[in-house]
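**Q** My structure is in work39.pdb, and what it holds is PDB, C-alpha atoms:
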```pdb
ATOM      1  CA  MET L 893       0.000   0.000   0.000  1.00  0.00           C
ATOM      2  CA  PRO L 894       1.506   3.373  -1.001  1.00  0.00           C
ATOM      3  CA  ASN L 895       2.124   5.950   1.718  1.00  0.00           C
ATOM      4  CA  ARG L 896       0.715   9.521   1.647  1.00  0.00           C
ATOM      5  CA  LYS L 897       3.897  10.975   0.165  1.00  0.00           C
ATOM      6  CA  GLN L 898       3.823   8.534  -2.755  1.00  0.00           C
ATOM      7  CA  THR L 899       0.124   9.203  -3.297  1.00  0.00           C
ATOM      8  CA  VAL L 900       0.668  12.977  -3.276  1.00  0.00           C
ATOM      9  CA  SER L 901       3.510  12.544  -5.800  1.00  0.00           C
ATOM     10  CA  LYS L 902       1.177  10.628  -8.113  1.00  0.00           C
ATOM     11  CA  ILE L 903      -1.508  13.309  -7.758  1.00  0.00           C
ATOM     12  CA  LEU L 904       1.010  16.057  -8.560  1.00  0.00           C
ATOM     13  CA  GLY L 905       2.053  14.182 -11.694  1.00  0.00           C
ATOM     14  CA  SER L 906      -1.572  13.876 -12.755  1.00  0.00           C
ATOM     15  CA  PHE L 907      -2.089  17.629 -12.194  1.00  0.00           C
ATOM     16  CA  GLN L 908       0.517  18.299 -14.889  1.00  0.00           C
ATOM     17  CA  ILE L 909      -1.233  16.009 -17.375  1.00  0.00           C
ATOM     18  CA  ILE L 910      -4.640  17.547 -16.624  1.00  0.00           C
ATOM     19  CA  ARG L 911      -3.175  21.065 -16.850  1.00  0.00           C
ATOM     20  CA  ARG L 912      -1.671  20.305 -20.271  1.00  0.00           C
ATOM     21  CA  ALA L 913      -4.972  18.886 -21.519  1.00  0.00           C
ATOM     22  CA  LEU L 914      -6.891  21.922 -20.279  1.00  0.00           C
ATOM     23  CA  LEU L 915      -4.378  24.344 -21.809  1.00  0.00           C
ATOM     24  CA  GLN L 916      -4.523  22.474 -25.119  1.00  0.00           C
ATOM     25  CA  GLN L 917      -8.328  22.706 -25.159  1.00  0.00           C
ATOM     26  CA  VAL L 918      -8.133  26.428 -24.351  1.00  0.00           C
ATOM     27  CA  ALA L 919      -5.531  27.042 -27.071  1.00  0.00           C
ATOM     28  CA  GLU L 920      -7.702  25.271 -29.642  1.00  0.00           C
ATOM     29  CA  HIS L 921     -10.851  27.191 -28.737  1.00  0.00           C
ATOM     30  CA  GLN L 922     -11.309  30.225 -30.972  1.00  0.00           C
ATOM     31  CA  SER L 923     -13.079  32.463 -28.430  1.00  0.00           C
ATOM     32  CA  CYS L 924      -9.957  32.426 -26.248  1.00  0.00           C
ATOM     33  CA  HIS L 925      -8.138  34.470 -28.869  1.00  0.00           C
ATOM     34  CA  GLU L 926     -10.564  37.355 -29.126  1.00  0.00           C
ATOM     35  CA  PRO L 927      -8.562  40.585 -28.868  1.00  0.00           C
ATOM     36  CA  ARG L 928     -11.226  42.494 -26.915  1.00  0.00           C
ATOM     37  CA  ASP L 929     -10.619  40.349 -23.848  1.00  0.00           C
ATOM     38  CA  SER L 930      -6.967  39.574 -24.435  1.00  0.00           C
ATOM     39  CA  ILE L 931      -5.204  39.135 -21.134  1.00  0.00           C
ATOM     40  CA  SER L 932      -1.587  38.077 -20.818  1.00  0.00           C
ATOM     41  CA  LEU L 933      -0.546  35.133 -18.675  1.00  0.00           C
ATOM     42  CA  ALA L 934       0.994  37.538 -16.140  1.00  0.00           C
ATOM     43  CA  GLN L 935      -2.307  39.419 -15.956  1.00  0.00           C
ATOM     44  CA  GLN L 936      -4.285  36.177 -15.597  1.00  0.00           C
ATOM     45  CA  MET L 937      -2.042  34.985 -12.773  1.00  0.00           C
ATOM     46  CA  THR L 938      -2.378  38.335 -11.002  1.00  0.00           C
ATOM     47  CA  LEU L 939      -6.167  38.268 -11.316  1.00  0.00           C
ATOM     48  CA  LEU L 940      -6.277  34.717  -9.974  1.00  0.00           C
ATOM     49  CA  THR L 941      -4.048  35.720  -7.059  1.00  0.00           C
ATOM     50  CA  VAL L 942      -6.323  38.621  -6.098  1.00  0.00           C
ATOM     51  CA  ALA L 943      -9.407  36.440  -6.631  1.00  0.00           C
ATOM     52  CA  ALA L 944      -8.020  33.818  -4.254  1.00  0.00           C
ATOM     53  CA  ARG L 945      -6.712  36.169  -1.566  1.00  0.00           C
ATOM     54  CA  GLY L 946      -8.908  39.241  -1.690  1.00  0.00           C
ATOM     55  CA  ALA L 947      -7.710  42.833  -1.354  1.00  0.00           C
ATOM     56  CA  MET L 948      -3.929  43.006  -1.715  1.00  0.00           C
ATOM     57  CA  SER L 949      -1.217  45.613  -1.991  1.00  0.00           C
ATOM     58  CA  VAL L 950       1.019  45.590  -5.042  1.00  0.00           C
ATOM     59  CA  LYS L 951       3.865  44.534  -2.741  1.00  0.00           C
ATOM     60  CA  ASP L 952       1.809  41.543  -1.549  1.00  0.00           C
ATOM     61  CA  ILE L 953       1.011  40.619  -5.155  1.00  0.00           C
ATOM     62  CA  ALA L 954       4.706  40.761  -6.037  1.00  0.00           C
ATOM     63  CA  ALA L 955       5.573  38.497  -3.109  1.00  0.00           C
ATOM     64  CA  ALA L 956       2.758  36.034  -3.837  1.00  0.00           C
ATOM     65  CA  ARG L 957       3.655  35.825  -7.532  1.00  0.00           C
ATOM     66  CA  MET L 958       7.402  35.888  -6.863  1.00  0.00           C
ATOM     67  CA  ILE L 959       7.966  38.806  -9.235  1.00  0.00           C
ATOM     68  CA  SER L 960       9.550  42.219  -8.716  1.00  0.00           C
ATOM     69  CA  SER L 961       7.511  45.097  -7.324  1.00  0.00           C
ATOM     70  CA  SER L 962       8.115  46.931 -10.587  1.00  0.00           C
ATOM     71  CA  ALA L 963       6.697  44.059 -12.645  1.00  0.00           C
ATOM     72  CA  ALA L 964       3.718  43.754 -10.291  1.00  0.00           C
ATOM     73  CA  THR L 965       3.072  47.495 -10.588  1.00  0.00           C
ATOM     74  CA  GLN L 966       3.088  47.307 -14.389  1.00  0.00           C
ATOM     75  CA  VAL L 967       0.676  44.358 -14.430  1.00  0.00           C
ATOM     76  CA  VAL L 968      -1.639  45.952 -11.871  1.00  0.00           C
ATOM     77  CA  ASN L 969      -1.635  49.271 -13.771  1.00  0.00           C
ATOM     78  CA  SER L 970      -2.644  47.517 -16.988  1.00  0.00           C
ATOM     79  CA  LEU L 971      -5.437  45.624 -15.209  1.00  0.00           C
ATOM     80  CA  VAL L 972      -6.706  48.814 -13.559  1.00  0.00           C
ATOM     81  CA  ASP L 973      -6.729  50.484 -16.989  1.00  0.00           C
ATOM     82  CA  LYS L 974      -8.848  47.589 -18.329  1.00  0.00           C
ATOM     83  CA  GLY L 975     -11.256  47.885 -15.395  1.00  0.00           C
ATOM     84  CA  LEU L 976     -10.422  44.391 -14.153  1.00  0.00           C
ATOM     85  CA  LEU L 977      -8.843  45.612 -10.902  1.00  0.00           C
ATOM     86  CA  VAL L 978      -9.794  48.596  -8.753  1.00  0.00           C
ATOM     87  CA  ARG L 979      -7.434  50.566  -6.513  1.00  0.00           C
ATOM     88  CA  SER L 980      -8.727  51.759  -3.151  1.00  0.00           C
ATOM     89  CA  GLN L 981      -7.484  52.881   0.227  1.00  0.00           C
ATOM     90  CA  ASP L 982      -6.469  50.077   2.593  1.00  0.00           C
ATOM     91  CA  THR L 983      -8.992  50.008   5.450  1.00  0.00           C
ATOM     92  CA  ARG L 984      -6.226  48.935   7.864  1.00  0.00           C
ATOM     93  CA  ASP L 985      -3.740  51.646   6.828  1.00  0.00           C
ATOM     94  CA  ARG L 986      -4.988  54.890   5.255  1.00  0.00           C
ATOM     95  CA  ARG L 987      -1.523  55.548   3.776  1.00  0.00           C
ATOM     96  CA  ALA L 988      -1.604  52.342   1.752  1.00  0.00           C
ATOM     97  CA  THR L 989      -3.623  51.271  -1.276  1.00  0.00           C
ATOM     98  CA  VAL L 990      -4.909  47.876  -2.191  1.00  0.00           C
ATOM     99  CA  VAL L 991      -6.381  46.398  -5.336  1.00  0.00           C
ATOM    100  CA  THR L 992      -9.544  44.352  -5.556  1.00  0.00           C
ATOM    101  CA  LEU L 993     -11.403  42.736  -8.397  1.00  0.00           C
ATOM    102  CA  GLY L 994     -13.433  45.082 -10.555  1.00  0.00           C
ATOM    103  CA  GLU L 995     -16.982  44.531 -11.745  1.00  0.00           C
ATOM    104  CA  ARG L 996     -15.703  43.958 -15.277  1.00  0.00           C
ATOM    105  CA  TYR L 997     -13.610  41.035 -13.962  1.00  0.00           C
ATOM    106  CA  GLU L 998     -16.728  39.398 -12.508  1.00  0.00           C
ATOM    107  CA  GLN L 999     -18.506  39.755 -15.867  1.00  0.00           C
ATOM    108  CA  LEU L1000     -15.491  38.385 -17.747  1.00  0.00           C
ATOM    109  CA  VAL L1001     -15.183  35.389 -15.418  1.00  0.00           C
ATOM    110  CA  ALA L1002     -18.886  34.572 -15.702  1.00  0.00           C
ATOM    111  CA  THR L1003     -18.714  34.620 -19.510  1.00  0.00           C
ATOM    112  CA  ARG L1004     -15.462  32.668 -19.704  1.00  0.00           C
ATOM    113  CA  THR L1005     -16.602  30.104 -17.144  1.00  0.00           C
ATOM    114  CA  GLU L1006     -19.780  29.457 -19.090  1.00  0.00           C
ATOM    115  CA  ASN L1007     -17.815  29.089 -22.334  1.00  0.00           C
ATOM    116  CA  ALA L1008     -15.095  26.982 -20.718  1.00  0.00           C
ATOM    117  CA  ALA L1009     -17.620  24.559 -19.251  1.00  0.00           C
ATOM    118  CA  THR L1010     -18.637  23.803 -22.811  1.00  0.00           C
ATOM    119  CA  TYR L1011     -15.286  23.448 -24.547  1.00  0.00           C
ATOM    120  CA  LEU L1012     -13.452  21.815 -21.605  1.00  0.00           C
ATOM    121  CA  LYS L1013     -16.156  19.179 -21.206  1.00  0.00           C
ATOM    122  CA  PRO L1014     -14.189  16.535 -23.172  1.00  0.00           C
ATOM    123  CA  VAL L1015     -11.405  16.623 -20.564  1.00  0.00           C
ATOM    124  CA  PHE L1016     -13.891  15.423 -17.936  1.00  0.00           C
ATOM    125  CA  ASP L1017     -15.827  12.960 -20.111  1.00  0.00           C
ATOM    126  CA  ALA L1018     -13.846  10.062 -18.610  1.00  0.00           C
ATOM    127  CA  LEU L1019     -15.753  10.558 -15.339  1.00  0.00           C
ATOM    128  CA  THR L1020     -19.321   9.508 -14.660  1.00  0.00           C
ATOM    129  CA  THR L1021     -21.679  12.170 -13.321  1.00  0.00           C
ATOM    130  CA  GLU L1022     -21.238  10.803  -9.792  1.00  0.00           C
ATOM    131  CA  GLU L1023     -17.430  10.724 -10.120  1.00  0.00           C
ATOM    132  CA  LEU L1024     -17.402  14.276 -11.464  1.00  0.00           C
ATOM    133  CA  GLN L1025     -19.494  15.464  -8.516  1.00  0.00           C
ATOM    134  CA  GLU L1026     -17.127  13.697  -6.103  1.00  0.00           C
ATOM    135  CA  TYR L1027     -14.116  15.241  -7.884  1.00  0.00           C
ATOM    136  CA  GLU L1028     -15.694  18.689  -7.530  1.00  0.00           C
ATOM    137  CA  ARG L1029     -16.396  18.065  -3.830  1.00  0.00           C
ATOM    138  CA  LEU L1030     -12.802  17.031  -3.176  1.00  0.00           C
ATOM    139  CA  ASN L1031     -11.474  19.971  -5.197  1.00  0.00           C
ATOM    140  CA  ARG L1032     -13.667  22.362  -3.204  1.00  0.00           C
ATOM    141  CA  LYS L1033     -12.398  20.852   0.045  1.00  0.00           C
ATOM    142  CA  LEU L1034      -8.785  21.468  -1.003  1.00  0.00           C
ATOM    143  CA  VAL L1035      -9.513  25.024  -2.166  1.00  0.00           C
ATOM    144  CA  ASP L1036     -11.409  25.844   1.025  1.00  0.00           C
ATOM    145  CA  SER L1037      -8.506  24.497   3.078  1.00  0.00           C
ATOM    146  CA  LEU L1038      -5.998  26.561   1.106  1.00  0.00           C
ATOM    147  CA  ARG L1039      -8.095  29.710   1.489  1.00  0.00           C
ATOM    148  CA  HIS L1040      -8.404  29.070   5.214  1.00  0.00           C
ATOM    149  CA  ASP L1041      -4.627  28.588   5.575  1.00  0.00           C
ATOM    150  CA  SER L1042      -3.802  31.612   3.403  1.00  0.00           C
ATOM    151  CA  PRO L1043      -2.139  34.493   5.257  1.00  0.00           C
ATOM    152  CA  GLN L1044      -4.401  36.951   3.366  1.00  0.00           C
ATOM    153  CA  LYS L1045      -7.919  36.010   4.469  1.00  0.00           C
TER     154      LYS L1045
END
```
In structure tokens, write the structure found in this file.
**A**
Amino acid sequence: MPNRKQTVSKILGSFQIIRRALLQQVAEHQSCHEPRDSISLAQQMTLLTVAARGAMSVKDIAAARMISSSAATQVVNSLVDKGLLVRSQDTRDRRATVVTLGERYEQLVATRTENAATYLKPVFDALTTEELQEYERLNRKLVDSLRHDSPQK
């Protein structure tokens, strides 16, 4: 019987395969290449970071993404210009600013999630409906645990 460490190693290996399959499906889907919603990988990763952690300073984003403060500032500025992030005063420190997700981000995510559920469906076709629901439950449990353990609640 494999131990937890071996099991986790197998899961991590499968994450890479699933990630590649998802990225391939995304790359092949035409709506992902529409210029009106074009977002770079750096911008996507920044949006996902803020979505997962909530209001953050640019310095916190840089640390979380392991990029320079200058690079984080450039990415944040571009996302603010697109209306995907909003700058506001930090409620804990009036001298500081934080960024949060903008309304346009919520609209973009809703549209992309709906589209993605359609064109990423083949990746999950190997699972029965019950297995897919169990997979989603386990995924949610991991995400909830990570959010709970996150230093930025």
**Q** Interatomic distance between atom CA of L:Ala954 and atom CA of L:Leu993?
**A**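 Value for the atom CA of L:Ala954-atom CA of L:Leu993 distance: 16.4 Å.
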**Q** Looking at L:Val967, L:Ala956, L:Ile903, L:Tyr1011, which one is nearest to L:Gln916, with distances taken over only C-alpha atoms?
**A** L:Tyr1011
**Q** Go through L:Gln935, L:Gln999, L:Thr1020, L:Thr899 one by one, measure the shortest atom-to-atom distance of each to L:Ala963 using all atoms listed in the file, and give the residue with the smallest value.
**A**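 Of L:Gln935, L:Gln999, L:Thr1020, L:Thr899, the one nearest L:Ala963 is L:Gln935, counting all atoms listed in the file.
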**Q** Given the file above and the PyMOL selection byres ((chain L and resi 979) around 8), which residues are selected, and can you give them as an MDAnalysis selection string?
**A** chainID L and resid 972 977:978 980:981 989:992
**Q** My list of candidates is L:Leu933, L:Ala947, L:His1040, L:Arg996. Which is closest to L:Asp982 when distances are computed with only C-alpha atoms?
**A**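 Checking each of L:Leu933, L:Ala947, L:His1040, L:Arg996 against L:Asp982, counting only C-alpha atoms, the winner is L:Ala947.
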**Q** Expand the PyMOL selection byres ((chain L and resi 1000) around 12) into the individual residues it matches in the shown file, reporting them as a list in words.
**A**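 For this structure, the PyMOL selection byres ((chain L and resi 1000) around 12) resolves to Cys924, Arg928, Asp929, Ser930, Ile931, Gln936, Leu939, Lys974, Gly975, Leu976, Leu977, Leu993, Gly994, Glu995, Arg996, Tyr997, Glu998, Gln999, Val1001, Ala1002, Thr1003, Arg1004, Thr1005, Glu1006, Asn1007 and Ala1008 of chain L.
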**Q** For atom CA of L:Ser932 and atom CA of L:Ile909, determine how far apart the two atoms are, in Å to one decimal place.
**A**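 Atom-to-atom, atom CA of L:Ser932 to atom CA of L:Ile909, that is 22.3 Å.
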**Q** Care to translate the PyMOL selection byres ((chain L and resi 913-915) around 12) into actual residues of this file, as a list in words?
**A** Ser906, Phe907, Gln908, Ile909, Ile910, Arg911, Arg912, Gln916, Gln917, Val918, Ala919, Glu920, His921, Cys924, Leu933, Ala1008, Ala1009, Tyr1011, Leu1012, Lys1013, Pro1014, Val1015 and Phe1016 of chain L
**Q** Which residue is closest to L:Arg987? Choose from L:Ser949, L:Leu904, L:Pro894, L:Glu1028 and count all atoms listed in the file.
**A** L:Ser949
